[in-house]
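Report on the structure given below.
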Amino acid sequence: MKKYLLKRLVMAVVTIWAIITITFLLMHSVPGNPFRAENKMPKVVYENLLKKYGLDRPLSEQYFIYLGKIVRGDFGDSMKSRVETVNDMIERGFPVSAHIGLQALIIALCFGPALGAVAALNQNKWPDYFSMILAILGISVPSFIMGTVFIQFIARNVSWLPIGGWGEFRHSLLPSLALAFLPMAQIARLMRSSMLEVLNQDYIKTAKSKGISKATVVLRHAVRNAILPVVSILGTVASNLLVGSFVIEKIFGIPGLGMFFVMSISNRDYPLIMGTTIFYAIVLITLLLLVDLAYMMIDPRIKLTKEGR
Amino acid sequence: MKKSLVLVLAMLMIFSIALSACAPKAPAETPGGETPAPTAEPKILRTNNMSEPGSLDPALAQGTHESWVLDHCFEGLMARDPSGKSVPGMAKEYTLADDDVTYTFTLRDGITWSNGDPVTAHDFEYSWKRALDPDLAADYAFQLYYLKGGEAYNTGAGSVDDVGVKAIDDKTLEVVLASPTAYFLELTSFYTYYPVNKKVVEANPDWAKDASTHVSNGPFRLTGWEHNATITMAKNETYYDKDAIKLDGIELSILADENTAWQKYEGGEFDFLTPLPQAVVAQLKANGNPELVIGGEVGTYYYNLNSKVKPFDNVKIRKALSLTLDTQTICDKIAQGGQIPAEGVVPFGMTDENGGEYRNGAGKLAEYNVEEGKKLFAEGLAETGFKAEDFSKFSILYNTSEAHKKIAQAAQEMWRNNLGIEIQLENVDFQVKLDREKAGDYQISRAGWIGDYIDPMTFIDLWVSDGAFNDAKYNNPEYDRLVKEAKNTTDQKIRMENMRKAEQMLMADMAVVPVYFYTQPYAQKPYVTGVFKPLNRYPIFTYADMDMSQR
C-alpha cells in the first residue's frame, strides 16, 4: 500500500510538471498581454510595466524562475490586482467554491443514484420516464439558463432567498441547486444503465431464486455492483464542482475560484492562469486517488498492488 | 459489505465537514451598523460595482471599477459641485502666474484625513511624486505628465527633484507645468491626482489593501472590503463639508452579471444601478419609466480605418464608408440607450472660448449621404484599382461582445446595401484586438474613447502621429502642428480655433469613422435624490439623499 501511494505521488509530481510546462507554453503563445488597455499609455510606461513583472526576459528564463517559485509554493503576484497575490486569491476563493460545490455534490449524490435506480427498477414505466426526462433536462439545459430561471422564478418570489450575492447560508442554496443538476443527471443516467445490466446478471437471478427479499437483493447485490461506474466518475465530477463554475459564480455573484479560471485568461493574468490551473490539477489528482482507494473498499476484487493479487 | 459503503459515505462526510469549516462566515460589518441612529434607519445607498477593484490606491487606479470608490473616498485640490462644475476642493484658492505654468494653491483650513491627521501640501507633493515613481510602475502615471519633469522622472530620464510640485509650507503647494494647460484645474479632480497620507503610506506600504488601514480625505471612508463580494463606505465625520452629506454610507456589491444586478434592483435590493442591460434600457425607455435616467457622457464610439492598408489609404474610400453608414438607425434601433449619432470625434458637452457648445462651432463633420457615398466609392475604386468584390477579403475587427457584434452586423448590412460590398466580421478576445491594432494587423476595427477631462483636447490629441492610441495610424504634420500649438497656450481663442481646424482636417481625411456619442443610462429608485453625473465620471452620491420612509 505504501509503495503504491509513493508511486502515485511520483506520478502526480510528473503530471503536474507536464501541466505547468504545457500551460506555460500555451499561455505565452496566445497574443495579447496583461498591460495593453484602451488608453494613452506611453510606450516607456508599458515597457516599464513589462520589466517590473519580468515579462521582458526570455521565455525560458521566465519559465525557470516560475518553476523555482512553484517549488516554494509561491504562485506569484497577480498582474491585474495590486491587492491580492495568487495564493491569496486561491485561499479566499476555494473555500467559497468548495462550499457551493460540496452542497451540489451532496444533492447530486443523494438524488442521482436514487433516480437512476428507481428508473432501472421500473424500466419503461412512468418513474423511468420521469427520471430520464429530468436527467435529459439536467444535461441539456445550460447552467446559465438554469441559474437565470432560478433567479427569475424562485428568488424573486421567495422573500428569504436572496437574488445573488454571498455571505449567509441562504445565499448558497440556489447556486448549489443550479450546479447540482448536471452531475445529478449524469449520475442518474449512468446508474440506470449499469443497474439494468446488473439486474440481468445470473447472481441476481440466483439471489432472487433463493427467496431473498426484493429489498435485500436490490440494496445488497444490485446497487452495490451498479454503483461502481458512478464511483469511477466521481473524482472528475467532484473536482469540477469543488473548484467552482464560472457561469454559476458570475450569475449569482459568488466570490469563488470559478470566476478566476475565465477572467485570468481574458485578462492575460499569467500568474493567475498558472495558479488556478495547477491548483485544479492538484485537486483532480487527489480526488482521483481517493476514488481509486474507495473503489478498492467497495469491490474487494480490485487490488491496487500486484502483491495483493 | 455494508461496512465499506458506510466507509465511503463517512469519507465524504468528513471531507465535507473539513471543507465547510473553512467557508467564510457571513460578513459581519455593514457600514450603518457602526453608528446606528437610535430612531431612524441608517441611510445606506446600495448599488453595484461591476468588478473587483485592482487597487484602492489612487495612484494605481486604472478605471471606473476603481475610481467609483475613490471618487467618494478622496478629494483632490479641486472638486465638483452638485451641478458637476469644478469648484475648490482641498484647495481654497489658487493663483496662476504670468508665465501660465506656475500655479500656487492654498489649502483649505481644517482639512483632515479620516484618521485625524491634517491634510498638508506635503501630502500632495509626496503623492504626485509617488505616482510618477518608475518603481511604483503605475499604469496611469502618464496622467501626471502635465507636471514639469514628470515624464522625465517616470521614464527614468530625470530626477524626482526636478518634478514641478513643491510644498512651500503645510498650506501652500507650488505646481509648475511642462506647458500651459487650460484644463489643469479640472485635472486635479482626476483620481491620479488625489492625495494619499504621506505618514500612513510610508509606515505601511500595504495600507490600501485592507479597509482597516485605508485612510482617505473625502466625504466617505472605506469601512469594509470583502474581495469580489462587497465594498462598504461610511460617511467621513472628519470631512470639512460633512453637514452637506446626507447619506450614512454606501454599499457597493461586486456583481459581474448585469442581469442579476438588474433583478436585484427590481427586487428592491439595490437603490441605484448602472450599467443596465441593453434590453432593459430599451424597455424602460419605451415605457417612459421615470426611474431611467440617460446620463450624459463624453465618449465616442468609432471605427478605425487602417490607413497603412490598401485601399483604406484612399481618402475617397474612407469617406464613402462613413457617408453610407446610417448612424441614426444604429442609435435608434440597435444601441437604444439614447446615444447620439456622431457628427465628429468630439462629443457634445465641451465648451468653447465663448462658453458655448464646442460642437456647434466645429460643425457637422460626418453625415449619412448614400448618393455622395456611392459616387466617392466609385471614384475611389477607380483610383486604387480595387473592385467591390475585393472587399470581401476585409473585415471589421471587434472584441467579443453582443453589443459590438450587433453594430458591426448593422454596418456590414448598410455597406452591403449601399456600396455592394461584403465586408466580413471578425470577433476576437479584447487583448488580441488591442495587440492586432498596435501591430496594424487589421483593416477596420471598433474602438471607443471616453474623455479623461472635459476639453476637446482629450479627443483631439488621440490622432497625433505618435499618439499611443492612434491605431488608425493617421499621420498629418499639419494636424500635429495645430495640436502642439493648442497644447502650448492657455489662450482659449487660439486653442479652440486650432482644435476645430484639427477636427475638421481629421474628418475631411476621415481617418476614423465616428459612429455615436456615448451616454450612460442609469436607474434610480424614486426615493433617491441628489445624485449627479459629471460628464466624464460615474454618477456621484456625495450629495445624494434617500427618503427612507419610501424605501
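Naming works like this for the C-alpha cells: A, B, ... for the chains as they're shown, residue 1 at the start of each chain, ligands 1 onward in shown order.
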Next on the checklist: Can you work out which residues from chain A touch chain B at a cut-off of 8 Å (counting only C-alpha atoms) and hand them back as JSON, numbers by chain?
Outcome noted: {"A": [31, 32, 33, 34, 36, 37, 38, 39, 40, 41, 42, 43, 44, 45, 46, 48, 49, 52, 80, 81, 82, 83, 84, 95, 96, 98, 99, 102, 148, 151, 152, 156, 163, 164, 165, 166, 167, 168, 220, 250, 251, 252, 253, 254, 255, 266, 267, 268, 294, 297, 298]}
Using the selection just defined, write its residues with N, CA and C atoms as a short mmCIF file (atom, residue, chain, number, x, y, z; two decimals), in the first residue's frame.
data_model
loop_
_atom_site.label_atom_id
_atom_site.label_comp_id
_atom_site.auth_asym_id
_atom_site.auth_seq_id
_atom_site.Cartn_x
_atom_site.Cartn_y
_atom_site.Cartn_z
N PRO A 31 -1.79 35.60 -28.34
CA PRO A 31 -1.47 37.02 -28.45
C PRO A 31 -2.07 37.84 -27.30
N GLY A 32 -1.52 39.01 -27.12
CA GLY A 32 -2.03 39.90 -26.06
C GLY A 32 -1.20 39.77 -24.81
N ASN A 33 -1.32 40.73 -23.92
CA ASN A 33 -0.66 40.64 -22.63
C ASN A 33 -1.39 41.51 -21.62
N PRO A 34 -1.04 41.36 -20.33
CA PRO A 34 -1.87 41.97 -19.28
C PRO A 34 -1.90 43.50 -19.28
N ARG A 36 -1.86 45.79 -21.93
CA ARG A 36 -2.46 46.55 -23.00
C ARG A 36 -3.87 46.95 -22.58
N ALA A 37 -4.22 48.19 -22.81
CA ALA A 37 -5.58 48.62 -22.49
C ALA A 37 -5.92 49.74 -23.46
N GLU A 38 -7.21 50.12 -23.47
CA GLU A 38 -7.61 51.22 -24.33
C GLU A 38 -7.24 52.52 -23.63
N ASN A 39 -5.99 52.87 -23.64
CA ASN A 39 -5.63 54.16 -23.04
C ASN A 39 -4.40 54.74 -23.73
N LYS A 40 -4.01 55.94 -23.26
CA LYS A 40 -2.91 56.64 -23.92
C LYS A 40 -1.57 56.31 -23.28
N MET A 41 -1.45 55.13 -22.70
CA MET A 41 -0.21 54.79 -22.02
C MET A 41 0.99 54.87 -22.97
N PRO A 42 1.98 55.70 -22.61
CA PRO A 42 3.16 55.80 -23.48
C PRO A 42 3.95 54.49 -23.48
N LYS A 43 4.71 54.31 -24.55
CA LYS A 43 5.46 53.07 -24.73
C LYS A 43 6.42 52.80 -23.56
N VAL A 44 7.06 53.87 -23.07
CA VAL A 44 8.04 53.69 -22.00
C VAL A 44 7.38 53.13 -20.74
N VAL A 45 6.19 53.62 -20.42
CA VAL A 45 5.49 53.15 -19.22
C VAL A 45 5.13 51.68 -19.40
N TYR A 46 4.67 51.36 -20.59
CA TYR A 46 4.31 50.00 -20.93
C TYR A 46 5.51 49.07 -20.75
N ASN A 48 8.12 49.64 -18.97
CA ASN A 48 8.48 49.62 -17.55
C ASN A 48 7.64 48.58 -16.79
N LEU A 49 6.37 48.49 -17.18
CA LEU A 49 5.49 47.50 -16.54
C LEU A 49 5.94 46.08 -16.87
N LYS A 52 8.87 45.34 -14.77
CA LYS A 52 8.54 45.13 -13.34
C LYS A 52 8.07 43.71 -13.10
N LYS A 80 -3.00 41.79 -12.40
CA LYS A 80 -4.14 42.70 -12.52
C LYS A 80 -4.54 43.27 -11.17
N SER A 81 -4.28 42.55 -10.11
CA SER A 81 -4.65 43.06 -8.79
C SER A 81 -3.38 43.46 -8.06
N ARG A 82 -3.40 44.65 -7.49
CA ARG A 82 -2.25 45.05 -6.68
C ARG A 82 -2.56 44.78 -5.21
N VAL A 83 -3.66 44.08 -4.97
CA VAL A 83 -4.13 43.90 -3.61
C VAL A 83 -3.86 42.48 -3.12
N GLU A 84 -4.14 41.51 -3.97
CA GLU A 84 -4.01 40.12 -3.54
C GLU A 84 -2.98 39.39 -4.40
N PRO A 95 -12.45 28.06 -0.68
CA PRO A 95 -13.46 27.63 0.31
C PRO A 95 -14.88 28.00 -0.13
N VAL A 96 -15.03 29.14 -0.76
CA VAL A 96 -16.36 29.57 -1.21
C VAL A 96 -16.87 28.62 -2.29
N ALA A 98 -15.79 25.65 -2.95
CA ALA A 98 -15.90 24.29 -2.42
C ALA A 98 -17.18 24.14 -1.61
N HIS A 99 -17.55 25.18 -0.89
CA HIS A 99 -18.79 25.16 -0.11
C HIS A 99 -19.99 24.89 -1.03
N LEU A 102 -19.61 21.42 -2.78
CA LEU A 102 -19.88 20.29 -1.91
C LEU A 102 -21.37 20.09 -1.69
N THR A 148 -30.48 31.61 -14.36
CA THR A 148 -31.37 32.74 -14.62
C THR A 148 -32.81 32.39 -14.26
N ILE A 151 -33.29 32.47 -10.57
CA ILE A 151 -33.36 33.84 -10.03
C ILE A 151 -34.71 34.45 -10.34
N GLN A 152 -35.11 34.29 -11.60
CA GLN A 152 -36.36 34.93 -12.05
C GLN A 152 -37.58 34.35 -11.34
N ARG A 156 -36.96 35.70 -6.92
CA ARG A 156 -37.79 36.90 -6.97
C ARG A 156 -39.10 36.72 -6.22
N ILE A 163 -31.37 37.25 -4.25
CA ILE A 163 -31.24 37.12 -5.70
C ILE A 163 -29.81 36.78 -6.10
N GLY A 164 -28.88 37.22 -5.35
CA GLY A 164 -27.49 36.93 -5.63
C GLY A 164 -26.66 37.49 -4.50
N GLY A 165 -25.36 37.26 -4.57
CA GLY A 165 -24.51 37.76 -3.50
C GLY A 165 -24.04 36.62 -2.63
N TRP A 166 -23.30 36.96 -1.59
CA TRP A 166 -22.66 35.93 -0.78
C TRP A 166 -22.58 36.39 0.66
N GLY A 167 -22.59 35.48 1.59
CA GLY A 167 -22.44 35.85 2.99
C GLY A 167 -23.09 34.84 3.91
N GLU A 168 -24.37 34.57 3.70
CA GLU A 168 -25.05 33.66 4.60
C GLU A 168 -25.37 32.35 3.88
N ARG A 220 -28.35 -4.97 -1.49
CA ARG A 220 -27.09 -5.66 -1.22
C ARG A 220 -26.39 -6.09 -2.49
N LYS A 250 -20.72 33.76 -11.72
CA LYS A 250 -20.97 35.08 -12.30
C LYS A 250 -22.44 35.46 -12.11
N ILE A 251 -23.34 34.53 -12.44
CA ILE A 251 -24.76 34.84 -12.37
C ILE A 251 -25.20 35.14 -10.95
N PHE A 252 -24.70 34.36 -9.98
CA PHE A 252 -25.15 34.56 -8.61
C PHE A 252 -24.24 35.50 -7.81
N GLY A 253 -23.21 36.02 -8.46
CA GLY A 253 -22.32 36.95 -7.76
C GLY A 253 -21.60 36.31 -6.59
N ILE A 254 -20.97 35.18 -6.83
CA ILE A 254 -20.29 34.46 -5.76
C ILE A 254 -18.78 34.67 -5.87
N PRO A 255 -18.14 35.09 -4.79
CA PRO A 255 -16.71 35.40 -4.86
C PRO A 255 -15.84 34.15 -4.80
N SER A 266 -8.93 35.99 -19.96
CA SER A 266 -9.25 37.18 -20.75
C SER A 266 -8.40 38.37 -20.32
N ASN A 267 -7.93 38.39 -19.07
CA ASN A 267 -7.03 39.47 -18.64
C ASN A 267 -5.57 39.18 -18.95
N ARG A 268 -5.26 37.98 -19.43
CA ARG A 268 -3.87 37.55 -19.61
C ARG A 268 -3.09 37.71 -18.31
N ALA A 294 -11.38 4.33 -2.73
CA ALA A 294 -12.77 3.99 -2.41
C ALA A 294 -13.23 2.77 -3.20
N MET A 297 -12.34 -0.35 -1.61
CA MET A 297 -13.15 -0.69 -0.45
C MET A 297 -14.49 -1.28 -0.85
N ILE A 298 -15.06 -0.73 -1.94
CA ILE A 298 -16.38 -1.21 -2.35
C ILE A 298 -16.27 -2.59 -2.98
#
Checklist entry - Per DSSP on the backbone, what are the alpha helix (DSSP H) residues of stretch 39-116 of chain A, as number ranges by chain? => result A: 43-52, 59-71, 86-116
Next on the checklist: Residues near B:Pro539, anyone? I mean within 12 Å using only C-alpha atoms, not counting same-chain ones fewer than 5 positions away, as a ChimeraX atom specification.
Outcome noted: /B:47,49,64,67-69,71-72,80,82-84,272-275,293-297,520-524,529-534,544
Item to check | Who sits within 10 Å of A:Ile233, only C-alpha atoms, same chain under 2 positions skipped, as a VMD selection string | outcome: chain A and resid 183 186 to 187 190 228 to 231 235 to 238 288 291
Checklist entry - At what distance in Å, to one decimal, does atom CA of B:Phe541 lie from atom CA of B:Asp241? => result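 For atom CA of B:Asp241 relative to atom CA of B:Phe541, the distance reads 14.1 Å.
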Item to check | stretch 136-139 of chain A surroundings by only C-alpha atoms, 7 Å radius, close-in-sequence under 6 positions cut, as a ChimeraX atom specification | outcome: /A:181-182,185-186
Write the residues of the selection above to a file with C-alpha atoms, as a PDB file, in the first residue's frame.
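In the end it all went to out-v6.pdb:
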ATOM      1  CA  PHE A 181     -28.374  19.479 -11.874  1.00  0.00           C
ATOM      2  CA  LEU A 182     -25.770  18.420 -14.411  1.00  0.00           C
ATOM      3  CA  ALA A 185     -28.380  13.901 -14.326  1.00  0.00           C
ATOM      4  CA  GLN A 186     -25.093  12.321 -15.380  1.00  0.00           C
TER       5      GLN A 186
END
Item to check | Proximity to B:Val513 - best of B:Ser212, B:Gln283, B:Asn536, B:Thr300, only C-alpha atoms | outcome: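 Between B:Ser212, B:Gln283, B:Asn536, B:Thr300, the residue approaching B:Val513 most closely is B:Thr300.
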Next on the checklist: I'd like the interatomic distance between atom CA of A:Asp56 and atom CA of A:Leu26, to a tenth of an Å.
Outcome noted: 17.7 Å
